[in-house]
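> This structure is in C-alpha coordinates; I'll ask about it shortly.
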Amino acid sequence: MKVVVVGVGAVGARAARQMMVPGATTVVLVVDSATDRAEAVAASIGPPVEVTSWGPGILGDADVVVLALPDGHPAMAAAALVAGAHVVSVTDDVAEVRGLLELDEEARRQGRTVLIGAGLAPGLSCLLAKHAAAGFDRVEEVHVAKAGTGGPACARHHHAALDADGPEWRNGGWTTRRGGSGRELSWFPDPLGARDCYHAAAPDPLLLVPAFPEAVRVTARLAASRRDRLTARLPMMRRPHPEGTLGGVRVEVRGRRGLATDTRVLGALDRPAVAAGAVAAVAADWAGTGRLARSGAGGLAEMVEDPLPFLQELAHRGVRAAAFGGSDSPIGVAPSL
(Lines give C-alpha, C1' and ligand atoms only; values in the text may rest on other atoms or scores of the structure.)
Protein backbone atom coordinates (compact mmCIF):
# COMPACT_ATOMS: atom_id res chain seq x y z
CA MET A 1 0.00 0.00 0.00
CA LYS A 2 1.25 3.47 -0.88
CA VAL A 3 0.36 6.32 1.48
CA VAL A 4 1.08 10.02 0.95
CA VAL A 5 1.23 12.09 4.16
CA VAL A 6 0.80 15.80 3.47
CA GLY A 7 2.04 17.95 6.35
CA VAL A 8 4.57 16.50 8.78
CA GLY A 9 4.13 18.69 11.82
CA ALA A 10 3.50 17.10 15.21
CA VAL A 11 0.54 15.00 14.01
CA GLY A 12 1.67 14.17 10.47
CA ALA A 13 5.11 13.03 11.62
CA ARG A 14 3.53 10.77 14.23
CA ALA A 15 1.13 9.34 11.64
CA ALA A 16 3.97 8.53 9.26
CA ARG A 17 5.91 6.82 12.03
CA GLN A 18 2.85 4.85 13.19
CA MET A 19 2.46 3.37 9.70
CA MET A 20 5.84 1.65 10.01
CA VAL A 21 4.63 -1.23 12.19
CA PRO A 22 6.61 -4.50 12.12
CA GLY A 23 5.84 -6.52 9.03
CA ALA A 24 4.10 -3.65 7.23
CA THR A 25 4.53 -3.36 3.47
CA THR A 26 3.41 0.27 3.37
CA VAL A 27 5.41 2.80 1.38
CA VAL A 28 5.05 6.30 2.85
CA LEU A 29 5.76 9.51 0.95
CA VAL A 30 5.90 12.67 3.07
CA VAL A 31 5.13 16.14 1.72
CA ASP A 32 5.65 19.45 3.50
CA SER A 33 6.16 23.05 2.43
CA ALA A 34 9.21 23.03 4.74
CA THR A 35 11.40 20.58 2.84
CA ASP A 36 14.02 20.43 5.59
CA ARG A 37 11.37 19.33 8.09
CA ALA A 38 10.12 16.62 5.73
CA GLU A 39 13.66 15.39 5.18
CA ALA A 40 14.30 15.31 8.94
CA VAL A 41 11.14 13.26 9.53
CA ALA A 42 12.01 10.82 6.72
CA ALA A 43 15.55 10.43 8.03
CA SER A 44 14.38 9.80 11.58
CA ILE A 45 12.00 7.02 10.46
CA GLY A 46 14.15 5.58 7.69
CA PRO A 47 13.18 3.59 4.56
CA PRO A 48 10.66 3.09 3.03
CA VAL A 49 9.69 6.66 4.02
CA GLU A 50 10.64 9.13 1.29
CA VAL A 51 10.27 12.87 0.69
CA THR A 52 8.34 14.12 -2.33
CA SER A 53 6.42 17.18 -3.57
CA TRP A 54 2.67 17.64 -3.91
CA GLY A 55 1.36 17.22 -7.44
CA PRO A 56 -0.53 14.94 -9.82
CA GLY A 57 2.53 12.75 -10.27
CA ILE A 58 2.51 11.39 -6.72
CA LEU A 59 -1.25 10.75 -6.71
CA GLY A 60 -1.36 8.47 -9.72
CA ASP A 61 -0.61 5.26 -7.79
CA ALA A 62 -1.38 6.42 -4.24
CA ASP A 63 -3.83 4.27 -2.29
CA VAL A 64 -4.41 6.73 0.58
CA VAL A 65 -3.66 10.43 1.08
CA VAL A 66 -3.41 11.61 4.70
CA LEU A 67 -3.97 15.35 5.10
CA ALA A 68 -2.29 16.66 8.25
CA LEU A 69 -1.68 20.28 7.31
CA PRO A 70 -3.52 23.25 8.92
CA ASP A 71 -5.86 24.08 6.00
CA GLY A 72 -6.66 23.48 2.34
CA HIS A 73 -8.08 19.99 2.92
CA PRO A 74 -11.18 20.13 0.64
CA ALA A 75 -9.21 21.08 -2.49
CA MET A 76 -6.49 18.50 -1.85
CA ALA A 77 -9.07 15.83 -1.04
CA ALA A 78 -10.89 16.56 -4.31
CA ALA A 79 -7.63 16.15 -6.24
CA ALA A 80 -6.91 12.87 -4.46
CA LEU A 81 -10.37 11.53 -5.30
CA VAL A 82 -9.92 12.37 -8.97
CA ALA A 83 -6.67 10.38 -8.87
CA GLY A 84 -8.50 7.43 -7.31
CA ALA A 85 -7.11 7.60 -3.76
CA HIS A 86 -8.85 7.37 -0.41
CA VAL A 87 -8.47 10.41 1.86
CA VAL A 88 -7.89 10.67 5.61
CA SER A 89 -8.10 14.17 7.06
CA VAL A 90 -7.11 15.10 10.61
CA THR A 91 -8.73 18.54 10.48
CA ASP A 92 -10.67 19.91 13.45
CA ASP A 93 -11.74 23.10 11.66
CA VAL A 94 -15.49 23.63 11.16
CA ALA A 95 -15.22 25.19 7.69
CA GLU A 96 -12.79 22.51 6.48
CA VAL A 97 -15.08 19.73 7.75
CA ARG A 98 -18.07 21.24 5.97
CA GLY A 99 -16.07 21.48 2.76
CA LEU A 100 -14.99 17.84 3.03
CA LEU A 101 -18.57 16.67 3.69
CA GLU A 102 -19.55 18.25 0.38
CA LEU A 103 -17.32 15.67 -1.34
CA ASP A 104 -19.62 12.81 -0.28
CA GLU A 105 -21.33 12.44 -3.65
CA GLU A 106 -18.07 12.50 -5.60
CA ALA A 107 -16.44 10.02 -3.21
CA ARG A 108 -19.38 7.62 -3.58
CA ARG A 109 -19.20 7.94 -7.35
CA GLN A 110 -15.49 7.09 -7.27
CA GLY A 111 -16.02 4.26 -4.78
CA ARG A 112 -13.58 5.94 -2.40
CA THR A 113 -13.71 7.16 1.20
CA VAL A 114 -13.01 10.57 2.70
CA LEU A 115 -12.50 10.00 6.42
CA ILE A 116 -12.93 13.35 8.16
CA GLY A 117 -11.49 14.38 11.50
CA ALA A 118 -9.27 11.33 12.12
CA GLY A 119 -7.48 12.79 15.12
CA LEU A 120 -8.17 13.10 18.85
CA ALA A 121 -11.42 15.08 18.68
CA PRO A 122 -12.97 14.62 16.25
CA GLY A 123 -11.60 11.15 15.63
CA LEU A 124 -11.02 9.13 18.77
CA SER A 125 -14.03 10.94 20.24
CA CYS A 126 -16.21 9.58 17.40
CA LEU A 127 -15.00 6.02 18.00
CA LEU A 128 -15.67 6.31 21.73
CA ALA A 129 -19.17 7.65 21.09
CA LYS A 130 -19.94 4.75 18.74
CA HIS A 131 -18.59 2.22 21.23
CA ALA A 132 -20.43 3.79 24.18
CA ALA A 133 -23.70 3.68 22.24
CA ALA A 134 -23.47 -0.04 21.50
CA GLY A 135 -25.67 -1.10 24.44
CA PHE A 136 -28.39 1.51 23.98
CA ASP A 137 -31.73 0.93 22.27
CA ARG A 138 -31.89 4.63 21.46
CA VAL A 139 -29.17 7.32 21.70
CA GLU A 140 -30.63 10.67 22.73
CA GLU A 141 -27.58 12.81 23.54
CA VAL A 142 -23.85 12.82 22.79
CA HIS A 143 -21.52 15.28 24.51
CA VAL A 144 -17.80 15.62 23.70
CA ALA A 145 -15.17 17.52 25.68
CA LYS A 146 -11.53 17.87 24.68
CA ALA A 147 -8.50 19.06 26.65
CA GLY A 148 -5.07 19.88 25.30
CA THR A 149 -3.58 20.59 21.87
CA GLY A 150 -1.11 18.95 19.51
CA GLY A 151 1.49 21.00 17.65
CA PRO A 152 1.68 24.78 17.20
CA ALA A 153 -0.94 24.86 14.41
CA CYS A 154 -3.37 22.96 16.62
CA ALA A 155 -2.73 25.32 19.51
CA ARG A 156 -3.39 28.38 17.34
CA HIS A 157 -6.63 26.84 16.08
CA HIS A 158 -7.74 26.02 19.63
CA HIS A 159 -7.05 29.62 20.63
CA ALA A 160 -9.12 31.01 17.76
CA ALA A 161 -11.91 28.45 18.20
CA LEU A 162 -12.71 29.78 21.68
CA ASP A 163 -13.72 33.09 20.10
CA ALA A 164 -15.78 31.60 17.26
CA ASP A 165 -19.32 30.25 17.11
CA GLY A 166 -19.68 26.49 16.95
CA PRO A 167 -22.40 24.15 15.62
CA GLU A 168 -24.73 22.31 17.99
CA TRP A 169 -27.52 19.86 17.22
CA ARG A 170 -30.65 20.48 19.28
CA ASN A 171 -34.16 19.08 18.89
CA GLY A 172 -33.76 18.04 15.27
CA GLY A 173 -32.05 21.17 13.94
CA TRP A 174 -28.77 23.07 13.87
CA THR A 175 -28.02 26.05 16.05
CA THR A 176 -24.83 27.93 16.91
CA ARG A 177 -23.32 28.56 20.31
CA ARG A 178 -21.09 31.52 21.07
CA GLY A 179 -17.46 30.61 21.64
CA GLY A 180 -16.40 30.92 25.26
CA SER A 181 -19.93 30.52 26.60
CA GLY A 182 -21.64 27.58 28.32
CA ARG A 183 -19.06 26.90 31.02
CA GLU A 184 -19.31 23.29 32.20
CA LEU A 185 -17.09 21.34 34.58
CA SER A 186 -16.01 18.10 32.88
CA TRP A 187 -14.04 15.26 34.46
CA PHE A 188 -11.24 13.77 32.40
CA PRO A 189 -9.10 10.75 33.29
CA ASP A 190 -6.48 11.47 35.97
CA PRO A 191 -4.17 13.30 36.17
CA LEU A 192 -6.13 15.84 34.11
CA GLY A 193 -9.12 15.64 36.42
CA ALA A 194 -11.78 18.34 36.38
CA ARG A 195 -11.51 21.10 33.76
CA ASP A 196 -13.79 23.97 32.82
CA CYS A 197 -15.00 23.46 29.25
CA TYR A 198 -16.69 25.96 26.93
CA HIS A 199 -18.56 26.09 23.65
CA ALA A 200 -16.21 26.69 20.72
CA ALA A 201 -15.90 26.21 16.97
CA ALA A 202 -15.54 22.42 17.28
CA PRO A 203 -16.80 20.27 14.37
CA ASP A 204 -17.59 17.07 16.29
CA PRO A 205 -21.40 17.49 16.05
CA LEU A 206 -21.19 17.75 12.24
CA LEU A 207 -19.68 14.25 12.15
CA LEU A 208 -21.65 12.65 14.99
CA VAL A 209 -25.20 13.60 13.96
CA PRO A 210 -25.18 11.42 10.78
CA ALA A 211 -24.09 8.46 12.94
CA PHE A 212 -26.80 9.13 15.56
CA PRO A 213 -29.79 10.45 13.59
CA GLU A 214 -32.22 9.92 16.51
CA ALA A 215 -30.20 12.07 18.92
CA VAL A 216 -31.92 15.22 20.13
CA ARG A 217 -28.74 16.95 21.29
CA VAL A 218 -25.08 16.71 20.24
CA THR A 219 -22.51 19.14 21.67
CA ALA A 220 -18.76 19.71 21.80
CA ARG A 221 -16.70 21.79 24.21
CA LEU A 222 -13.03 22.67 24.64
CA ALA A 223 -11.23 22.86 27.97
CA ALA A 224 -9.79 26.28 28.69
CA SER A 225 -8.49 28.34 31.57
CA ARG A 226 -10.05 31.67 32.42
CA ARG A 227 -7.09 33.40 30.75
CA ASP A 228 -7.55 31.31 27.57
CA ARG A 229 -11.18 32.32 27.39
CA LEU A 230 -10.63 36.01 28.04
CA THR A 231 -7.70 36.36 25.60
CA ALA A 232 -9.16 34.25 22.77
CA ARG A 233 -9.87 37.33 20.63
CA LEU A 234 -6.27 38.53 20.99
CA PRO A 235 -3.08 37.17 19.43
CA MET A 236 -1.52 34.30 21.36
CA MET A 237 0.52 35.73 24.23
CA ARG A 238 3.18 33.03 24.17
CA ARG A 239 4.68 30.66 21.63
CA PRO A 240 2.87 27.29 21.43
CA HIS A 241 4.56 24.14 22.71
CA PRO A 242 6.22 22.29 19.78
CA GLU A 243 4.23 19.10 20.40
CA GLY A 244 1.69 19.93 23.07
CA THR A 245 1.47 18.49 26.57
CA LEU A 246 -0.85 15.94 28.15
CA GLY A 247 -4.42 16.09 26.88
CA GLY A 248 -7.55 14.00 26.82
CA VAL A 249 -11.03 13.47 25.51
CA ARG A 250 -14.28 12.72 27.33
CA VAL A 251 -17.42 11.39 25.61
CA GLU A 252 -20.78 11.13 27.37
CA VAL A 253 -23.62 9.22 25.71
CA ARG A 254 -27.15 9.31 27.11
CA GLY A 255 -30.02 7.17 25.93
CA ARG A 256 -32.55 4.47 26.66
CA ARG A 257 -32.22 0.81 27.45
CA GLY A 258 -35.76 -0.50 27.32
CA LEU A 259 -37.87 1.79 29.49
CA ALA A 260 -34.91 3.06 31.53
CA THR A 261 -32.60 5.96 30.81
CA ASP A 262 -28.85 5.46 31.14
CA THR A 263 -25.56 7.29 30.70
CA ARG A 264 -22.17 5.96 29.68
CA VAL A 265 -18.95 7.95 29.81
CA LEU A 266 -15.70 6.98 28.10
CA GLY A 267 -12.42 8.84 28.05
CA ALA A 268 -8.80 8.70 26.93
CA LEU A 269 -5.60 10.35 28.07
CA ASP A 270 -2.49 10.97 25.96
CA ARG A 271 -0.48 13.67 24.26
CA PRO A 272 -2.91 14.89 21.58
CA ALA A 273 -0.40 14.70 18.72
CA VAL A 274 0.53 11.12 19.65
CA ALA A 275 -3.11 9.99 19.84
CA ALA A 276 -4.08 11.84 16.66
CA GLY A 277 -1.15 10.35 14.74
CA ALA A 278 -2.12 6.84 15.80
CA VAL A 279 -5.78 7.36 14.85
CA ALA A 280 -4.79 8.73 11.44
CA ALA A 281 -2.42 5.82 10.78
CA VAL A 282 -5.00 3.15 11.65
CA ALA A 283 -7.66 5.03 9.66
CA ALA A 284 -5.37 5.06 6.62
CA ASP A 285 -4.80 1.32 6.97
CA TRP A 286 -8.54 0.61 7.25
CA ALA A 287 -9.34 2.84 4.27
CA GLY A 288 -6.64 1.28 2.10
CA THR A 289 -7.58 -2.31 2.98
CA GLY A 290 -11.34 -1.85 2.52
CA ARG A 291 -12.41 -2.26 6.15
CA LEU A 292 -14.75 0.74 6.28
CA ALA A 293 -18.55 0.53 6.24
CA ARG A 294 -19.14 2.47 3.04
CA SER A 295 -17.68 4.83 0.49
CA GLY A 296 -18.33 8.57 0.66
CA ALA A 297 -17.38 11.28 3.13
CA GLY A 298 -17.96 11.10 6.87
CA GLY A 299 -16.49 10.74 10.33
CA LEU A 300 -15.24 7.62 12.06
CA ALA A 301 -18.48 7.06 13.99
CA GLU A 302 -20.31 6.71 10.68
CA MET A 303 -17.64 4.93 8.66
CA VAL A 304 -16.47 2.33 11.20
CA GLU A 305 -19.18 -0.28 11.70
CA ASP A 306 -17.63 -1.89 14.79
CA PRO A 307 -15.27 0.46 16.65
CA LEU A 308 -13.92 -2.16 19.07
CA PRO A 309 -11.26 -3.65 16.72
CA PHE A 310 -10.16 -0.11 15.84
CA LEU A 311 -9.89 0.80 19.54
CA GLN A 312 -8.02 -2.44 20.24
CA GLU A 313 -5.50 -1.60 17.53
CA LEU A 314 -5.04 1.84 19.07
CA ALA A 315 -4.52 0.23 22.48
CA HIS A 316 -1.87 -2.01 20.93
CA ARG A 317 -0.15 1.20 19.79
CA GLY A 318 -0.37 2.69 23.29
CA VAL A 319 -3.52 4.82 22.97
CA ARG A 320 -5.93 3.40 25.54
CA ALA A 321 -9.50 4.33 26.35
CA ALA A 322 -11.25 3.74 29.67
CA ALA A 323 -14.79 3.71 31.01
CA PHE A 324 -15.74 6.03 33.85
CA GLY A 325 -17.26 4.18 36.79
CA GLY A 326 -18.43 4.91 40.31
CA SER A 327 -15.97 5.49 43.17
CA ASP A 328 -15.58 7.69 46.21
CA SER A 329 -14.35 10.48 43.91
CA PRO A 330 -16.74 12.42 41.63
CA ILE A 331 -15.89 10.11 38.73
CA GLY A 332 -13.64 7.07 38.84
CA VAL A 333 -12.00 5.37 35.89
CA ALA A 334 -12.60 1.69 35.32
CA PRO A 335 -10.03 -0.61 33.63
CA SER A 336 -9.14 0.10 30.01
CA LEU A 337 -11.43 -1.15 27.27
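Labeling convention for the C-alpha coordinates: chains A, B, ... as they appear, residues from 1 per chain, ligands from 1 in order of appearance.
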Would you kindly return, as a ChimeraX atom specification, each protein, DNA or RNA residue with an atom no farther than 9 Å from any atom of segment 246-257 of chain A, considering only C-alpha atoms and excluding same-chain residues fewer than 5 positions away?
/A:120-121,124-126,128-129,132-133,135-150,186-189,192,215,262-272
> Using only C-alpha atoms, which protein or nucleic acid residues come within 9 Å of Ala75 of chain A? Drop anything in the same chain fewer than 3 positions from it, and give the result as a list in words.
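Listed by chain and then number, they are Gly72, Ala78, Ala79, Ala80, Gly99 and Leu100 of chain A.
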> Could the residues in this selection be written to a file with N, CA and C atoms, as a CSV table (one decimal), in the first residue's frame?

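Once everything was written out, this is again-v4.csv:
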chain,number,residue,atom,x,y,z
A,72,GLY,N,-6.7,23.9,3.7
A,72,GLY,CA,-6.7,23.5,2.3
A,72,GLY,C,-7.1,22.0,2.1
A,78,ALA,N,-10.3,16.7,-3.0
A,78,ALA,CA,-10.9,16.6,-4.3
A,78,ALA,C,-9.9,16.1,-5.3
A,79,ALA,N,-8.7,16.6,-5.3
A,79,ALA,CA,-7.6,16.2,-6.2
A,79,ALA,C,-7.3,14.7,-6.0
A,80,ALA,N,-7.2,14.3,-4.8
A,80,ALA,CA,-6.9,12.9,-4.5
A,80,ALA,C,-8.0,11.9,-5.0
A,99,GLY,N,-16.5,21.6,4.1
A,99,GLY,CA,-16.1,21.5,2.8
A,99,GLY,C,-15.8,20.0,2.4
A,100,LEU,N,-15.3,19.3,3.3
A,100,LEU,CA,-15.0,17.8,3.0
A,100,LEU,C,-16.3,17.0,2.9
> How would you write, as a ChimeraX atom specification, the set of residues in segment 134-303 of chain A that DSSP gives as alpha helix (DSSP H)?
/A:152-161,204-208,226-230,272-288,300-303
> Expressed in Å to a single decimal, how great is the separation between atom CA of Gly84 of chain A and atom CA of Asp61 of chain A?
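Separation between atom CA of Gly84 of chain A and atom CA of Asp61 of chain A: 8.2 Å.
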> Check segment 26-269 of chain A with DSSP on the backbone and list each residue it calls strand (DSSP E or B), as a PyMOL selection string.
chain A and resi 27-31+49-51+64-67+86-89+113-115+119+123+138-147+166-170+173-177+184-187+194-199+217-223+247-257+260-269
> Choose the residue, out of A:Thr35, A:Ser89, A:Ser53, A:Gln18, that has the smallest atom-to-atom separation from Thr113 of chain A; count only C-alpha atoms.
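Result for the nearest residue to Thr113 of chain A: A:Ser89.
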> Report, in Å to a single decimal, how far apart atom CA of Leu311 of chain A and atom CA of Arg108 of chain A are.
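According to the coordinates, atom CA of Arg108 of chain A and atom CA of Leu311 of chain A are separated by 25.9 Å.
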